[in-house]
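Everything on this sheet refers to the single structure shown next.
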Amino acid sequence: MTREKNNLNIHTTSTPIPSTLPLNKNKFTLSTKELTELAKKLRRHVITMIATAGSGHPGGSLSAADIIAVLYFKVMRYDPQNPQWPERDRFILSKGHAAPILYAALAESGYFSVEELTTLRKLNSRLQGHTDRTTTPGVEMSAGALGQGLSFGIGTALAARLDARDYQVYVLLGDGECDEGQIWEAAMAAAHFKVDNLVAIVDHNKQQLDGWTQDIMNLEPLTEKWRAFNWNVIEIDGHNINQIQQALEEAKTIKGKPSVIIAHTIKGKGVSFMENNIDFHGKAPTPEQAELALRELS
Amino acid sequence: MTIEISSRETYGKTLVELGRENQNIVVLDADLSRSTMTNLFAKEFPDRFFQCGLAEQNMIGIAAGLAASGKTVFASTFAIFASCRCFDQLRMCLSQPQLNVKVVATHGGITIGEDGFSHQAIEDLALFCSLPGFSVVVPADAIETAEVIKSAAATHGPIYVRLGRPKTPLVYSQSYQFNLGKAITMRQGKDITIIAIGIMVAKALEAAEALAAEGIDCCIINMPTLKPLDEEAIIKAASETGAIVVAEEHLAHGGLGSRVAQVVAGEKPVPMSFVNLKNTYAKSGKAEELLQRYGLTAKDIEAAVRAVSSKKKTFHMPPSGKLSQAIADIRELKDEEDIGLH
Ligand SMILES: Cc1ncc(C[n+]2csc(CCOP(=O)(O)OP(=O)(O)O)c2C)c(N)n1
Ligand SMILES: Cc1ncc(C[n+]2csc(CCOP(=O)(O)OP(=O)(O)O)c2C)c(N)n1
Ligand SMILES: [Mg+2]
Ligand SMILES: [Mg+2]
C-alpha cells in the first residue's frame with residue numbers, strides 16, 4: 001500500500017507547531033495548550049506510520065502520547081545532534097511495541113526527519129518494528145521482549161552515580177508488562193540501591209494483548225504494590241499535561257528512593273473507535289480507518 | 001606431582017588486579033559472590049560492586065544499562081543460571097546490542113558434582129554459541145583463566161567465560177599470551193588430533209601419553225575459544241593428521257564437537273569421534289566419579305582415538321564432484337547466515 005494511494009500525507013495536516021522544534025538543551029518553553037497540540041501531532045504520526053506499514057501497535061502508542069510529549073518537549077534534556085551526549089536524560093521504552101510513538105517524538109525533536117517516519121517496519125529502514133538501539137539514533141534500548149527495561153534503567157541510573165552525573169532515567173512500562181517477574185525483581189533492586197534518578201512510568205491503560213488486565217491477570221492493588229516495594233508513588237491522569245509535568249517534576253525532587261508514576265490512560269486515546277478497543281492493540285487501521293482517525297486528530 | 005588450582009579463585013584475584021588498574025570496571029553478582037569469588041572485588045571496591053540478590057535476569061539487565069553508559073561490566077553467577085535462566089535477557093540486552101558485558105560463570109559442567117543435575121550446566125556452551133553477538137571461552141586451567149579474564153576486560157563486546165568449581169590440574173607452567181579465537185597446540189603428533197576444551201585438555205594430554213606407548217602419535221590442541229572458532233587450526237589438523245577427536249564437558253549438541261564438525265564437514269572431511277555427555281542429565285556424585293560414570297576420562301579419550309584410528313584406515317572420500325558440490329552448498333549457507341559478527 002502506498003502513501004499516495006491512501007492519501008495519507010502527514011504534511012498536509014495544518015498545525016501550529018513547527019515541524020521540527022528548536023533545540024534547547026535545557027527546557028522547552030511550550031505552553032500546556034501547545035503540548036496538547038503536539039501530542040495530537042505525535043498521534044497523527046502514529047496513525048500514518050502504522051497505516052502505511054500495514055502493521056504495528058496503535059493502542060499502546062496512543063495511550064502513551066501525552067506522557068512522551070511532556071517528556072520530550074518539556075522535561076528531558078538531550079541533544080539530537082549528539083545522541084550519545086553523556087549528560088543526556090535517558091528515556092527507555094520498555095514496552096518496545098510502542099515504538100511508533102517514540103519514533104514520532106524523536107523525529108519531531110530532530111533526531112531524524114519526519115519524512116523518515118513512514119519507512120517504519122520496511123526493509124532497510126532505521127525504524128524497526130520494535131525499538132533497536134543499534135539502528136535508530138535516540139533509541140537507548142533494544143526492546144520488544146517485555147519486562148526488561150526497568151533493569152536496564154537501574155544500570156543506567158547507577159552509572160550516573162558512579163560518574164557523578166546528574167541525568168535522570170525515565171522508563172516507560174506497560175501495565176500488562178507488569179505481569180513479568182523481572183519487573184518486580186527490578187522494583188526490589190531499584191529501591192534497594194536507592195536510585196533516586198530513576199523514574200518508572202506505568203502506562204496504565206487497563207488492557208494488555210488478550211483483553212482487560214483485570215481479567216487476564218489482575219494487577220491491583222497496583223499503587224500499593226509499588227509502595228510496598230519502597231517506591232515513591234505518584235498517581236495521575238496520564239492524559240492531563242499539567243499532571244504529567246507536575247508528577248515528573250515531583251519525581252525529580254524525591255531523594256533516597258525511586259519514583260513511579262502510575263498514569264491512568266486509555267488505550268487508543270484520541271481515536272474514538274480505537275479507545276478501549278482491544279482489536280487495536282496490535283492491528284493497523286485500514287486506509288479508511290486511518291483517514292477517519294486523522295480527521296478526529298486534526 | 002600435578003599442581004591443582006581453583007580457576008574461580010584466580011578469577012576473583014584477577015578481577016581485583018584489574019579493578020586497581022581500571023576505574024571503569026564494575027562487578028555484579030547474584031547472591032553467589034562467595035562461590036564465584038567476586039567477593040574479593042566487593043571487599044576492595046564496594047562502590048563498584050553491585051550485589052543484585054538472587055535475581056539473575058535483573059542482573060543481566062542492570063549490567064546492560066551500566067555497559068550502555070560506558071562501563072566495563074563483569075557479571076557472575078553459576079553457569080547454569082547465567083545461561084538457562086537468563087537466555088532472553090542475554091539475547092535482547094547483550095548479544096544484539098553488542099554491549100560490553102563479561103558474563104563470567106563458575107561451577108560449569110558436571111564437575112560441580114554433588115549438587116546434581118539442577119546445578120550442572122551442560123548446555124551452556126550451546127546456548128551462548130547460538131547468540132550471534134557473543135564470544136565464548138572455556139579456559140583449561142587457572143593460568144589460562146587469568147589471561148582470559150585480562151583479555152576479556154581489554155576486548156570490547158559481550159563474552160561468556162565458563163569456569164568450574166573444583167581445583168583442576170595446571171596444564172600450563174607459566175603465563176602465556178592468550179589470543180581470543182586462537183587455538184594452542186599443546187603437543188605435536190602426526191597420527192590423530194585431539195581437540196579439547198576446559199578440563200578435558202589435561203585429560204587429553206594424559207591420554208596422549210598412554211597412546212604414545214601403543215605407537216599412536218597424538219597432536220593435542222587446546223581450543224579455549226569456541227567462538228570465534230579457529231577454523232584454520234581445525235583445517236590444518238584435519239589435513240595433517242586425517243582424523244579428529246573432540247573432547248568436552250558438555251552435551252553432544254551445540255558445543256565444541258558440533259562446531260568443529262561443521263568446519264571439518266565443510267572444509268576437510270575426515271573421520272571424527274566425540275567425547276562428551278551425549279544426550280542426558282547427570283546425577284549427584286563426586287566430580288571424579290561423575291567423570292568416570294559419564295565417560296569423560298583420559299581412558300574414554302583413548303577409546304575414541306582407537307575407534308577413529310580404525311575408521312581413518314577405511315575412510316574414503318566421496319566422489320570428488322559430489323563432495324565439492326556439498327562443500328559449495330555449505331559455504332553458501334554459511335555466508336547467508338553469517339551476520340558479520342564472527
Ligand atoms: C516477553 C513477552 N511476552 C509476550 C509478548 C507479546 N506481547 C506484546 S504486547 C503484549 C501486551 C502488552 O500489554 P501492555 O504492557 O499493557 O502494553 P500496552 O497496553 O501499553 O500496549 C504482549 C503479550 C512480548 N512482546 N514479550
Ligand atoms: C536460580 C538460582 N540462583 C542461585 C542459586 C544458588 N543458591 C542456592 S541457595 C541460595 C540462597 C537461597 O537463600 P534462601 O532462599 O534464603 O534459602 P535458605 O536461607 O532457606 O537456605 C542461592 C543463591 C540457585 N539455587 N538458584
Ligand atoms: Mg496495557
Ligand atoms: Mg534464607
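Identifiers in this document derive from the order of the C-alpha cells: chains are assigned A, B, ..., residues are numbered from 1 separately in each chain, and ligands are numbered from 1 in order of occurrence.
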Residues up to 6 Å from ligand 2, counting only C-alpha atoms and all ligand atoms: could you list those as a ChimeraX atom specification? /B:31-32,54,81
Excluding region 304-316 of chain B and any residue of its chain fewer than 5 positions from it, enumerate the residues within 9 Å of it, using only C-alpha atoms, and give them as JSON, numbers by chain. {"B": [191, 192, 193, 194, 211, 216, 218, 242, 243, 244, 245, 270, 271, 272, 273, 274, 275, 299]}
Save the residues we just selected, all heavy atoms, as a CSV table (one decimal), in the first residue's frame?
```
chain,number,residue,atom,x,y,z
B,191,ASP,N,49.5,-38.7,14.0
B,191,ASP,CA,48.5,-39.8,13.6
B,191,ASP,C,47.1,-39.3,13.7
B,191,ASP,O,46.2,-39.7,13.0
B,191,ASP,CB,48.7,-41.0,14.5
B,191,ASP,CG,50.0,-41.7,14.3
B,191,ASP,OD1,50.5,-41.5,13.1
B,191,ASP,OD2,50.6,-42.3,15.2
B,192,ILE,N,46.8,-38.5,14.7
B,192,ILE,CA,45.4,-38.0,15.0
B,192,ILE,C,45.5,-36.8,15.8
B,192,ILE,O,46.5,-36.5,16.5
B,192,ILE,CB,44.7,-39.2,15.8
B,192,ILE,CG1,43.2,-38.8,15.9
B,192,ILE,CG2,45.3,-39.4,17.1
B,192,ILE,CD1,42.4,-40.0,16.3
B,193,THR,N,44.4,-36.0,15.8
B,193,THR,CA,44.4,-34.7,16.6
B,193,THR,C,43.3,-34.8,17.6
B,193,THR,O,42.2,-35.2,17.2
B,193,THR,CB,44.2,-33.5,15.7
B,193,THR,OG1,45.2,-33.4,14.7
B,193,THR,CG2,44.2,-32.2,16.5
B,194,ILE,N,43.6,-34.5,18.8
B,194,ILE,CA,42.6,-34.4,19.8
B,194,ILE,C,42.4,-32.9,20.1
B,194,ILE,O,43.3,-32.2,20.5
B,194,ILE,CB,43.0,-35.1,21.2
B,194,ILE,CG1,43.3,-36.6,20.9
B,194,ILE,CG2,41.8,-35.0,22.2
B,194,ILE,CD1,43.9,-37.3,22.1
B,211,LEU,N,48.7,-43.4,24.8
B,211,LEU,CA,48.5,-43.8,23.4
B,211,LEU,C,49.9,-43.8,22.7
B,211,LEU,O,50.2,-44.7,21.8
B,211,LEU,CB,47.6,-42.8,22.6
B,211,LEU,CG,46.1,-43.0,23.0
B,211,LEU,CD1,45.3,-41.7,22.6
B,211,LEU,CD2,45.5,-44.2,22.4
B,216,ILE,N,50.6,-44.7,18.9
B,216,ILE,CA,49.7,-43.7,18.3
B,216,ILE,C,50.2,-42.4,18.7
B,216,ILE,O,50.2,-42.0,19.9
B,216,ILE,CB,48.2,-43.9,18.6
B,216,ILE,CG1,47.8,-45.3,18.3
B,216,ILE,CG2,47.4,-42.9,17.9
B,216,ILE,CD1,46.3,-45.6,18.7
B,218,CYS,N,49.7,-38.6,19.0
B,218,CYS,CA,48.6,-37.7,19.0
B,218,CYS,C,49.0,-36.2,19.0
B,218,CYS,O,49.9,-35.8,19.8
B,218,CYS,CB,47.7,-37.9,20.2
B,218,CYS,SG,46.8,-39.4,20.2
B,242,GLY,N,44.5,-36.3,9.6
B,242,GLY,CA,43.5,-37.1,8.9
B,242,GLY,C,42.4,-37.7,9.8
B,242,GLY,O,41.6,-38.5,9.4
B,243,ALA,N,42.4,-37.3,11.1
B,243,ALA,CA,41.3,-37.8,12.0
B,243,ALA,C,41.3,-36.9,13.2
B,243,ALA,O,42.3,-36.4,13.6
B,243,ALA,CB,41.5,-39.2,12.4
B,244,ILE,N,40.1,-36.7,13.7
B,244,ILE,CA,40.0,-35.7,14.9
B,244,ILE,C,39.0,-36.3,15.9
B,244,ILE,O,38.0,-36.9,15.6
B,244,ILE,CB,39.4,-34.4,14.4
B,244,ILE,CG1,40.4,-33.7,13.5
B,244,ILE,CG2,39.0,-33.5,15.5
B,244,ILE,CD1,40.0,-32.4,12.9
B,245,VAL,N,39.5,-36.2,17.2
B,245,VAL,CA,38.6,-36.5,18.3
B,245,VAL,C,38.4,-35.2,19.1
B,245,VAL,O,39.3,-34.4,19.2
B,245,VAL,CB,39.3,-37.5,19.3
B,245,VAL,CG1,38.6,-37.6,20.6
B,245,VAL,CG2,39.4,-38.8,18.6
B,270,VAL,N,37.1,-35.6,7.4
B,270,VAL,CA,37.9,-36.7,7.9
B,270,VAL,C,37.1,-37.4,9.0
B,270,VAL,O,36.1,-36.8,9.5
B,270,VAL,CB,39.3,-36.2,8.5
B,270,VAL,CG1,40.1,-35.5,7.5
B,270,VAL,CG2,39.0,-35.3,9.7
B,271,PRO,N,37.4,-38.6,9.3
B,271,PRO,CA,36.7,-39.3,10.4
B,271,PRO,C,36.8,-38.5,11.7
B,271,PRO,O,37.9,-38.0,12.0
B,271,PRO,CB,37.3,-40.7,10.5
B,271,PRO,CG,38.2,-40.8,9.3
B,271,PRO,CD,38.5,-39.4,8.8
B,272,MET,N,35.7,-38.5,12.5
B,272,MET,CA,35.8,-37.8,13.8
B,272,MET,C,35.1,-38.7,14.8
B,272,MET,O,34.3,-39.6,14.5
B,272,MET,CB,35.0,-36.5,13.7
B,272,MET,CG,35.6,-35.4,12.8
B,272,MET,SD,34.7,-33.9,13.0
B,272,MET,CE,35.0,-33.4,14.7
B,273,SER,N,35.5,-38.4,16.1
B,273,SER,CA,34.9,-39.1,17.2
B,273,SER,C,34.7,-38.1,18.3
B,273,SER,O,35.5,-37.1,18.4
B,273,SER,CB,35.7,-40.3,17.6
B,273,SER,OG,35.0,-41.0,18.6
B,274,PHE,N,33.7,-38.3,19.2
B,274,PHE,CA,33.3,-37.3,20.1
B,274,PHE,C,33.3,-37.8,21.5
B,274,PHE,O,32.6,-38.9,21.8
B,274,PHE,CB,32.0,-36.7,19.8
B,274,PHE,CG,31.9,-36.1,18.3
B,274,PHE,CD1,31.6,-37.0,17.3
B,274,PHE,CD2,32.4,-34.8,18.1
B,274,PHE,CE1,31.6,-36.5,16.0
B,274,PHE,CE2,32.4,-34.4,16.8
B,274,PHE,CZ,32.0,-35.2,15.7
B,275,VAL,N,33.9,-37.1,22.4
B,275,VAL,CA,33.9,-37.5,23.9
B,275,VAL,C,33.1,-36.4,24.6
B,275,VAL,O,33.6,-35.2,24.6
B,275,VAL,CB,35.3,-37.6,24.4
B,275,VAL,CG1,35.2,-37.9,25.9
B,275,VAL,CG2,36.1,-38.7,23.7
B,299,LYS,N,40.8,-42.3,29.7
B,299,LYS,CA,40.5,-43.6,29.1
B,299,LYS,C,39.5,-43.5,28.0
B,299,LYS,O,39.6,-44.2,27.0
B,299,LYS,CB,40.0,-44.6,30.2
B,299,LYS,CG,41.1,-45.0,31.2
B,299,LYS,CD,41.8,-46.3,30.7
B,299,LYS,CE,42.9,-46.7,31.6
B,299,LYS,NZ,44.1,-45.9,31.5
```
Which one is closest to chain B: A:Trp184, A:Phe152, A:Trp85, A:Phe193? Count only C-alpha atoms. A:Phe152
Using Å and a single decimal, report how far CA of Val246 (chain B) sits from CA of Glu209 (chain B). 17.0 Å
Pick from A:Glu180, A:Glu185, A:Glu37, A:Glu115 nearest to chain B, counting only C-alpha atoms: A:Glu185
Which residues of chain B are close to chain A, meaning at most 9 Å apart when you count only C-alpha atoms, and how do they look as a VMD selection string? chain B and resid 47 to 48 50 52 to 55 57 to 71 88 to 89 92 to 93 96 to 98
Residues near Ser173 (chain B), anyone? I mean within 10 Å using only C-alpha atoms, not counting same-chain ones fewer than 3 positions away, as an MDAnalysis selection string. chainID B and resid 3 143 170 176
Looking at only C-alpha atoms, which of B:Phe117, B:Thr185, B:Ala75, B:Pro224 is the one that sits closest to Pro139 (chain B)?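 Using only C-alpha atoms, the shortest distance to Pro139 (chain B) belongs to B:Pro224.
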Please extract the residues of region 148-288 of chain B with a backbone DSSP assignment of strand (DSSP E) and present them as a PyMOL selection string. chain B and resi 159-162+168-169+184-187+192-196+218-222+225-227+244-247+272-275
For those residues, write C-alpha atoms to a file as a PDB file, in the first residue's frame.
```pdb
ATOM      1  CA  ILE B 159      31.797 -12.584  26.150  1.00  0.00           C
ATOM      2  CA  TYR B 160      30.930 -15.706  28.104  1.00  0.00           C
ATOM      3  CA  VAL B 161      33.634 -17.358  30.173  1.00  0.00           C
ATOM      4  CA  ARG B 162      32.848 -20.711  31.782  1.00  0.00           C
ATOM      5  CA  THR B 168      41.962 -28.536  38.487  1.00  0.00           C
ATOM      6  CA  PRO B 169      45.480 -29.541  37.387  1.00  0.00           C
ATOM      7  CA  ILE B 184      47.077 -23.619  21.028  1.00  0.00           C
ATOM      8  CA  THR B 185      48.971 -26.755  20.059  1.00  0.00           C
ATOM      9  CA  MET B 186      49.932 -28.411  23.325  1.00  0.00           C
ATOM     10  CA  ARG B 187      51.644 -31.433  21.813  1.00  0.00           C
ATOM     11  CA  ILE B 192      45.450 -38.043  15.001  1.00  0.00           C
ATOM     12  CA  THR B 193      44.403 -34.733  16.569  1.00  0.00           C
ATOM     13  CA  ILE B 194      42.563 -34.414  19.845  1.00  0.00           C
ATOM     14  CA  ILE B 195      40.846 -31.041  20.156  1.00  0.00           C
ATOM     15  CA  ALA B 196      39.923 -30.408  23.767  1.00  0.00           C
ATOM     16  CA  CYS B 218      48.566 -37.667  19.010  1.00  0.00           C
ATOM     17  CA  CYS B 219      48.521 -33.969  18.309  1.00  0.00           C
ATOM     18  CA  ILE B 220      46.762 -32.112  21.144  1.00  0.00           C
ATOM     19  CA  ILE B 221      45.025 -28.824  20.515  1.00  0.00           C
ATOM     20  CA  ASN B 222      43.666 -26.704  23.339  1.00  0.00           C
ATOM     21  CA  THR B 225      37.733 -20.113  22.343  1.00  0.00           C
ATOM     22  CA  LEU B 226      34.614 -21.812  20.987  1.00  0.00           C
ATOM     23  CA  LYS B 227      33.565 -18.625  19.335  1.00  0.00           C
ATOM     24  CA  ILE B 244      39.954 -35.748  14.863  1.00  0.00           C
ATOM     25  CA  VAL B 245      38.621 -36.473  18.336  1.00  0.00           C
ATOM     26  CA  VAL B 246      36.823 -33.669  20.188  1.00  0.00           C
ATOM     27  CA  ALA B 247      36.581 -33.779  23.989  1.00  0.00           C
ATOM     28  CA  MET B 272      35.766 -37.804  13.775  1.00  0.00           C
ATOM     29  CA  SER B 273      34.864 -39.107  17.179  1.00  0.00           C
ATOM     30  CA  PHE B 274      33.328 -37.267  20.131  1.00  0.00           C
ATOM     31  CA  VAL B 275      33.873 -37.473  23.852  1.00  0.00           C
TER      32      VAL B 275
END
```
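Minimum atom-to-atom distance to ligand 1, evaluated using only C-alpha atoms and all ligand atoms, belongs to A:Gly59 out of A:Gly54, A:Gly268, A:Gly59, A:Pro287.
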Residues within 9 Å of ligand 1, counting only C-alpha atoms and all ligand atoms, as number ranges by chain: A: 57-64, 94-98, 143-148, 173-180, 202-213, 266-267, 278, 281-282; B: 88
Non-local contacts of Arg227 (chain A) (12 Å; only C-alpha atoms; under 3 positions in same chain excluded) as an mmCIF file with C-alpha atoms, in the first residue's frame:
```
data_model
loop_
_atom_site.group_PDB
_atom_site.id
_atom_site.type_symbol
_atom_site.label_atom_id
_atom_site.label_comp_id
_atom_site.auth_asym_id
_atom_site.auth_seq_id
_atom_site.Cartn_x
_atom_site.Cartn_y
_atom_site.Cartn_z
ATOM 1 C CA ALA A 187 11.438 -2.897 41.503
ATOM 2 C CA MET A 188 13.052 -4.517 44.542
ATOM 3 C CA ALA A 191 14.662 0.628 45.923
ATOM 4 C CA PRO A 221 -3.702 -3.072 44.097
ATOM 5 C CA LEU A 222 -1.009 -1.642 41.832
ATOM 6 C CA THR A 223 -0.068 1.512 43.734
ATOM 7 C CA GLU A 224 0.146 -0.436 46.986
ATOM 8 C CA ASN A 230 9.636 1.090 48.777
ATOM 9 C CA TRP A 231 8.986 3.377 45.832
ATOM 10 C CA ASN A 232 7.631 6.896 45.913
ATOM 11 C CA VAL A 233 4.307 6.503 44.111
ATOM 12 C CA ILE A 234 2.538 9.264 42.195
ATOM 13 C CA GLU A 235 -0.848 8.557 40.648
ATOM 14 C CA LYS A 257 14.195 6.247 46.595
ATOM 15 C CA PRO A 258 12.999 5.768 43.045
ATOM 16 C CA SER A 259 9.660 7.179 41.922
ATOM 17 C CA VAL A 260 6.941 5.528 39.910
ATOM 18 C CA ILE A 261 4.178 7.411 38.156
ATOM 19 C CA ILE A 262 1.038 5.358 37.737
#
```
Have a look at CA of Lys182 (chain B) and CA of Val137 (chain B) and let me know their distance in Å, one decimal.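 CA of Val137 (chain B) lies 10.7 Å from CA of Lys182 (chain B).
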Mind checking DSSP for region 30-274 of chain A and telling me the helix (DSSP H, G or I) residues as JSON, numbers by chain? {"A": [32, 33, 34, 35, 36, 37, 38, 39, 40, 41, 42, 43, 44, 45, 46, 47, 48, 49, 50, 51, 52, 53, 58, 59, 60, 61, 62, 63, 65, 66, 67, 68, 69, 70, 71, 72, 73, 74, 75, 96, 97, 98, 99, 100, 101, 102, 103, 104, 105, 106, 107, 108, 109, 114, 115, 116, 117, 118, 119, 149, 150, 151, 152, 153, 154, 155, 156, 157, 158, 159, 160, 161, 162, 176, 177, 178, 179, 181, 182, 183, 184, 185, 186, 187, 188, 189, 190, 191, 192, 213, 214, 215, 216, 222, 223, 224, 225, 226, 227, 228, 241, 242, 243, 244, 245, 246, 247, 248, 249, 250, 251, 252, 253]}
I want to know what sits within 10 Å of region 74-78 of chain A, based on only C-alpha atoms, with residues of the same chain fewer than 5 positions away left out; could you give that as a ChimeraX atom specification? /A:23-32,35,68-69,83-91,109,138,167-170,245,248-249
Which is closest to Val264 (chain B) among B:Val148, B:Ala282, B:Ile235, B:Val104, if we use only C-alpha atoms? B:Ile235
